[in-house]
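Visitor: Provided herewith: final-v7.pdb, PDB, C-alpha atoms.
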ATOM      1  CA  THR A  17     130.304  43.927 -86.424
ATOM      2  CA  ASP A  18     131.160  47.450 -85.300
ATOM      3  CA  ASP A  19     128.723  49.880 -86.950
ATOM      4  CA  ALA A  20     131.342  52.599 -87.522
ATOM      5  CA  THR A  21     134.304  50.514 -88.769
ATOM      6  CA  LYS A  22     132.359  47.582 -90.274
ATOM      7  CA  ARG A  23     134.958  45.271 -88.684
ATOM      8  CA  ALA A  24     134.260  42.215 -86.582
ATOM      9  CA  ASN A  25     134.622  43.194 -82.933
ATOM     10  CA  GLN A  26     133.019  40.305 -80.994
ATOM     11  CA  VAL A  27     133.523  36.586 -80.515
ATOM     12  CA  LEU A  28     130.365  34.826 -79.361
ATOM     13  CA  HIS A  29     129.733  31.289 -78.084
ATOM     14  CA  LEU A  30     126.323  30.019 -79.131
ATOM     15  CA  THR A  31     124.737  27.098 -77.299
ATOM     16  CA  MET A  32     121.761  25.339 -78.878
ATOM     17  CA  ALA A  33     119.547  23.179 -76.703
ATOM     18  CA  GLY A  34     115.883  22.320 -76.701
ATOM     19  CA  GLY A  35     115.127  24.524 -79.692
ATOM     20  CA  SER A  36     116.601  27.665 -78.111
ATOM     21  CA  VAL A  37     119.899  29.460 -78.657
ATOM     22  CA  THR A  38     121.922  31.065 -75.858
ATOM     23  CA  GLU A  39     124.552  33.695 -76.712
ATOM     24  CA  HIS A  40     127.616  34.285 -74.526
ATOM     25  CA  LEU A  41     130.125  37.046 -75.299
ATOM     26  CA  LEU A  42     133.688  35.658 -75.188
ATOM     27  CA  TRP A  43     135.587  38.721 -76.402
ATOM     28  CA  GLU A  44     134.664  42.238 -77.373
ATOM     29  CA  GLU A  45     137.464  44.189 -79.032
ATOM     30  CA  GLN A  46     137.343  47.827 -77.932
ATOM     31  CA  ASN A  47     140.070  49.129 -80.252
ATOM     32  CA  PRO A  48     138.411  50.355 -83.486
ATOM     33  CA  ALA A  49     141.728  49.922 -85.359
ATOM     34  CA  ALA A  50     141.880  46.201 -84.554
ATOM     35  CA  TYR A  51     140.954  43.425 -86.936
ATOM     36  CA  LEU A  52     139.374  40.504 -85.052
ATOM     37  CA  GLU A  53     139.374  37.052 -86.659
ATOM     38  CA  LEU A  54     138.527  33.515 -85.636
ATOM     39  CA  PHE A  55     140.047  30.362 -87.133
ATOM     40  CA  ARG A  56     140.794  26.713 -86.435
ATOM     41  CA  THR A  57     144.382  25.458 -86.269
ATOM     42  CA  LYS A  58     145.613  23.200 -89.058
ATOM     43  CA  ASN A  59     145.579  20.161 -86.764
ATOM     44  CA  ARG A  60     141.962  20.951 -85.762
ATOM     45  CA  ARG A  61     142.798  20.876 -82.036
ATOM     46  CA  PHE A  62     142.188  24.563 -81.226
ATOM     47  CA  ILE A  63     140.168  27.579 -82.203
ATOM     48  CA  LEU A  64     142.248  30.766 -82.203
ATOM     49  CA  ALA A  65     140.797  34.246 -81.857
ATOM     50  CA  SER A  66     143.206  36.923 -83.025
ATOM     51  CA  SER A  67     143.055  40.703 -82.697
ATOM     52  CA  ASN A  68     145.637  42.679 -84.650
ATOM     53  CA  THR A  69     146.485  46.296 -85.326
ATOM     54  CA  LYS A  70     149.490  47.615 -87.245
ATOM     55  CA  ASP A  71     151.671  47.316 -84.132
ATOM     56  CA  THR A  72     150.009  45.049 -81.539
ATOM     57  CA  SER A  73     148.618  41.518 -81.460
ATOM     58  CA  ALA A  74     146.551  39.468 -79.049
ATOM     59  CA  VAL A  75     145.673  35.790 -79.553
ATOM     60  CA  ARG A  76     143.360  33.705 -77.382
ATOM     61  CA  TYR A  77     142.527  30.030 -77.786
ATOM     62  CA  VAL A  78     140.169  27.247 -76.734
ATOM     63  CA  PRO A  79     140.390  23.493 -77.428
ATOM     64  CA  CYS A  80     137.951  22.423 -80.152
ATOM     65  CA  LYS A  81     136.670  19.586 -77.997
ATOM     66  CA  ALA A  82     136.201  21.700 -74.868
ATOM     67  CA  ASP A  83     133.579  20.056 -72.700
ATOM     68  CA  THR A  84     132.008  22.978 -70.897
ATOM     69  CA  GLY A  85     128.832  21.241 -69.768
ATOM     70  CA  ASN A  86     126.183  23.929 -69.405
ATOM     71  CA  ARG A  87     128.607  26.791 -68.803
ATOM     72  CA  PRO A  88     130.077  29.009 -71.544
ATOM     73  CA  MET A  89     133.620  28.355 -72.699
ATOM     74  CA  ASP A  90     136.436  30.800 -71.958
ATOM     75  CA  LEU A  91     139.110  31.977 -74.370
ATOM     76  CA  ILE A  92     142.609  31.533 -72.907
ATOM     77  CA  PRO A  93     145.194  34.261 -73.649
ATOM     78  CA  LEU A  94     148.169  32.828 -75.545
ATOM     79  CA  LEU A  95     150.529  35.755 -74.831
ATOM     80  CA  GLU A  96     149.951  39.093 -73.168
ATOM     81  CA  PRO A  97     149.689  41.937 -75.723
ATOM     82  CA  SER A  98     152.653  44.302 -75.827
ATOM     83  CA  PRO A  99     152.794  47.573 -77.820
ATOM     84  CA  GLY A 100     155.027  47.241 -80.872
ATOM     85  CA  ILE A 101     154.953  43.429 -80.828
ATOM     86  CA  GLU A 102     153.058  41.589 -83.549
ATOM     87  CA  TYR A 103     152.592  37.849 -83.578
ATOM     88  CA  PHE A 104     150.613  35.056 -85.178
ATOM     89  CA  ALA A 105     150.166  31.503 -83.929
ATOM     90  CA  GLU A 106     149.550  27.984 -85.175
ATOM     91  CA  HIS A 107     149.397  24.577 -83.508
ATOM     92  CA  LEU A 108     150.629  21.648 -85.594
ATOM     93  CA  ASN A 109     150.996  17.928 -85.069
ATOM     94  CA  SER A 110     154.555  16.638 -85.064
ATOM     95  CA  GLN A 111     153.934  14.645 -88.261
ATOM     96  CA  ASP A 112     152.971  17.888 -90.048
ATOM     97  CA  ILE A 113     156.409  19.358 -89.462
ATOM     98  CA  GLN A 114     159.276  18.285 -91.682
ATOM     99  CA  GLU A 115     161.837  20.942 -90.808
ATOM    100  CA  ILE A 116     162.007  24.240 -88.978
ATOM    101  CA  HIS A 117     164.779  26.722 -89.583
ATOM    102  CA  ARG A 118     166.949  27.570 -86.611
ATOM    103  CA  GLY A 119     165.458  30.283 -84.414
ATOM    104  CA  PRO A 120     165.422  31.272 -80.739
ATOM    105  CA  ASP A 121     163.008  29.566 -78.361
ATOM    106  CA  LEU A 122     160.397  32.051 -77.082
ATOM    107  CA  ASN A 123     161.100  31.455 -73.399
ATOM    108  CA  SER A 124     164.721  30.400 -73.072
ATOM    109  CA  GLY A 125     166.412  32.125 -76.013
ATOM    110  CA  SER A 126     168.103  28.823 -76.931
ATOM    111  CA  PHE A 127     168.336  27.767 -80.556
ATOM    112  CA  LEU A 128     166.253  25.008 -82.025
ATOM    113  CA  GLU A 129     167.709  22.174 -84.003
ATOM    114  CA  SER A 130     166.073  21.607 -87.388
ATOM    115  CA  SER A 131     165.779  17.903 -86.543
ATOM    116  CA  ARG A 132     164.093  18.492 -83.168
ATOM    117  CA  THR A 133     160.966  16.431 -82.475
ATOM    118  CA  PHE A 134     157.989  18.543 -81.520
ATOM    119  CA  SER A 135     155.266  17.377 -79.182
ATOM    120  CA  ASN A 136     151.589  17.709 -80.001
ATOM    121  CA  SER A 137     151.340  20.279 -77.223
ATOM    122  CA  THR A 138     153.361  23.102 -78.773
ATOM    123  CA  PHE A 139     152.202  26.368 -80.289
ATOM    124  CA  PHE A 140     154.341  27.855 -83.039
ATOM    125  CA  VAL A 141     154.445  31.630 -82.651
ATOM    126  CA  ILE A 142     155.681  33.868 -85.452
ATOM    127  CA  SER A 143     156.749  37.112 -83.775
ATOM    128  CA  ASN A 144     158.899  40.238 -84.046
ATOM    129  CA  HIS A 145     159.482  40.485 -80.260
ATOM    130  CA  GLU A 146     163.262  40.053 -80.497
ATOM    131  CA  ARG A 147     164.043  41.465 -83.930
ATOM    132  CA  PRO A 148     162.263  43.541 -86.601
ATOM    133  CA  ASP A 149     161.854  40.645 -89.026
ATOM    134  CA  PHE A 150     159.642  37.798 -87.883
ATOM    135  CA  ALA A 151     160.979  34.482 -86.602
ATOM    136  CA  VAL A 152     159.360  31.219 -85.442
ATOM    137  CA  TYR A 153     159.355  30.474 -81.708
ATOM    138  CA  LEU A 154     158.009  27.560 -79.701
ATOM    139  CA  LEU A 155     155.528  28.001 -76.868
ATOM    140  CA  PRO A 156     154.534  24.846 -74.969
ATOM    141  CA  GLU A 157     150.793  24.689 -74.209
ATOM    142  CA  ASN A 158     151.473  24.544 -70.470
ATOM    143  CA  GLU A 159     153.279  27.907 -70.678
ATOM    144  CA  ALA A 160     150.693  29.723 -72.813
ATOM    145  CA  GLY A 161     149.383  32.824 -71.088
ATOM    146  CA  MET A 162     152.515  33.107 -68.925
ATOM    147  CA  ALA A 163     155.100  34.166 -71.512
ATOM    148  CA  GLN A 164     155.736  37.850 -72.164
TER     149      GLN A 164
END
Go through the file and emit its structure as structure tokens.

Guide:
Amino acid sequence: TDDATKRANQVLHLTMAGGSVTEHLLWEEQNPAAYLELFRTKNRRFILASSNTKDTSAVRYVPCKADTGNRPMDLIPLLEPSPGIEYFAEHLNSQDIQEIHRGPDLNSGSFLESSRTFSNSTFFVISNHERPDFAVYLLPENEAGMAQ
């Protein structure tokens, strides 16, 4: 917790072995206006770390079952932060999704069909990057970190 703002500003990975605890810093938020939070996706496949201000967002993720051996895990950026763009993310199993309203795909700009089948490797990103009101976009796992 930042002493001045009283907000969470670090994400730590703790490793317990042989009665000792090792701390590894995964993310330290430098912006005092940011709110840093950590949560698990609804399908329990990922842990998301999110840093948000009133006009910028950054989300990083790691699989819940990441086998890191003896080395610390790394948080993977979902999207690069961009001033004025806010977004939130979730990762759902296809059986959790009954219907999605039509909206542009994050990468191609094409429209989604409400009956489309979603794979278990898709992030759902709620963003204002194309319009002032938020819409739902799809981001395949294999493209996370590459999309702008």

Visitor: Suppose a student applies the PyMOL selection byres ((chain A and resi 106) around 6) to this structure; what residues should they get, written as a list of chain:residue names?

Guide: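 Residues picked by the PyMOL selection byres ((chain A and resi 106) around 6): A:Thr57, A:Ala105, A:His107, A:Phe139, A:Phe140.
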
Visitor: Rounded to one decimal in Å, what is the spacing between atom CA of A:Glu39 and atom CA of A:Thr21?

Guide: 22.9 Å

Visitor: Could you please determine the separation between atom CA of A:Arg56 and atom CA of A:Thr69 in Å, to one decimal place?

Guide: 20.4 Å

Visitor: Given 6 Å on each side, where is the centre and what are the edge lengths in Å to one decimal of the axis-aligned box enclosing the listed atoms of stretch 93-97 of chain A, as lines of an AutoDock Vina configuration file?

Guide:
center_x = 147.9
center_y = 37.4
center_z = -74.4
size_x = 17.3
size_y = 21.1
size_z = 14.6

Visitor: Starting from the shown file, work through the PyMOL selection byres ((chain A and resi 98) around 10) and note down what comes out as a PDB file with C-alpha atoms, in the frame of the given file.

Guide:
ATOM      1  CA  ASP A  71     151.671  47.316 -84.132  1.00  0.00           C
ATOM      2  CA  THR A  72     150.009  45.049 -81.539  1.00  0.00           C
ATOM      3  CA  SER A  73     148.618  41.518 -81.460  1.00  0.00           C
ATOM      4  CA  ALA A  74     146.551  39.468 -79.049  1.00  0.00           C
ATOM      5  CA  LEU A  95     150.529  35.755 -74.831  1.00  0.00           C
ATOM      6  CA  GLU A  96     149.951  39.093 -73.168  1.00  0.00           C
ATOM      7  CA  PRO A  97     149.689  41.937 -75.723  1.00  0.00           C
ATOM      8  CA  PRO A  99     152.794  47.573 -77.820  1.00  0.00           C
ATOM      9  CA  GLY A 100     155.027  47.241 -80.872  1.00  0.00           C
ATOM     10  CA  ILE A 101     154.953  43.429 -80.828  1.00  0.00           C
ATOM     11  CA  GLU A 102     153.058  41.589 -83.549  1.00  0.00           C
ATOM     12  CA  HIS A 145     159.482  40.485 -80.260  1.00  0.00           C
ATOM     13  CA  GLN A 164     155.736  37.850 -72.164  1.00  0.00           C
TER      14      GLN A 164
END

Visitor: Between atom CA of A:Phe62 and atom CA of A:Thr17, what distance in Å does the model show, to one decimal?

Guide: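 One can read the atom CA of A:Phe62 to atom CA of A:Thr17 distance as 23.3 Å.
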
Visitor: Let me make sure I understand: among A:Val37, A:Ala24, A:Arg61, A:Pro156, which one has the smallest atom-to-atom distance to A:Ala49 if we use only C-alpha atoms?

Guide: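 So, comparing all the options, the nearest one is A:Ala24.
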
Visitor: Any chance you could resolve the PyMOL selection byres ((chain A and resi 77) around 7) against this file and give the residues as a tab-separated table (two decimals) with C-alpha atoms, keeping the file's coordinate frame?

Guide:
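File expr_26.tsv, as written:
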chain	number	residue	atom	x	y	z
A	62	PHE	CA	142.19	24.56	-81.23
A	63	ILE	CA	140.17	27.58	-82.20
A	64	LEU	CA	142.25	30.77	-82.20
A	65	ALA	CA	140.80	34.25	-81.86
A	75	VAL	CA	145.67	35.79	-79.55
A	76	ARG	CA	143.36	33.70	-77.38
A	78	VAL	CA	140.17	27.25	-76.73
A	79	PRO	CA	140.39	23.49	-77.43
A	91	LEU	CA	139.11	31.98	-74.37
A	92	ILE	CA	142.61	31.53	-72.91
A	93	PRO	CA	145.19	34.26	-73.65
A	94	LEU	CA	148.17	32.83	-75.54

Visitor: Applying 7 Å and only C-alpha atoms, which residues near A:Leu155 remain after dropping the ones on its own chain fewer than 3 positions away? List them as a VMD selection string.

Guide: chain A and resid 122 138 to 141 159 to 160

Visitor: For a quick check of understanding, using all atoms listed in the file, which of A:Asn158, A:Ser66, A:Asn59, A:Gln26 has the smallest distance to A:His40?

Guide: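 Under the stated criterion, the closest residue is A:Gln26.
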
Visitor: Pick out the residues sitting within 7 Å of A:Ala50, and hand them over as a compact mmCIF listing (two decimals) with C-alpha atoms, keeping the file's coordinate frame; count all atoms listed in the file, and ignore anything fewer than 2 positions along from it in its own chain.

Guide:
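Output file part17.txt is given in full below:
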# COMPACT_ATOMS: atom_id res chain seq x y z
CA ASN A 47 140.07 49.13 -80.25
CA PRO A 48 138.41 50.36 -83.49
CA LEU A 52 139.37 40.50 -85.05
CA SER A 67 143.06 40.70 -82.70
CA ASN A 68 145.64 42.68 -84.65
CA THR A 69 146.49 46.30 -85.33
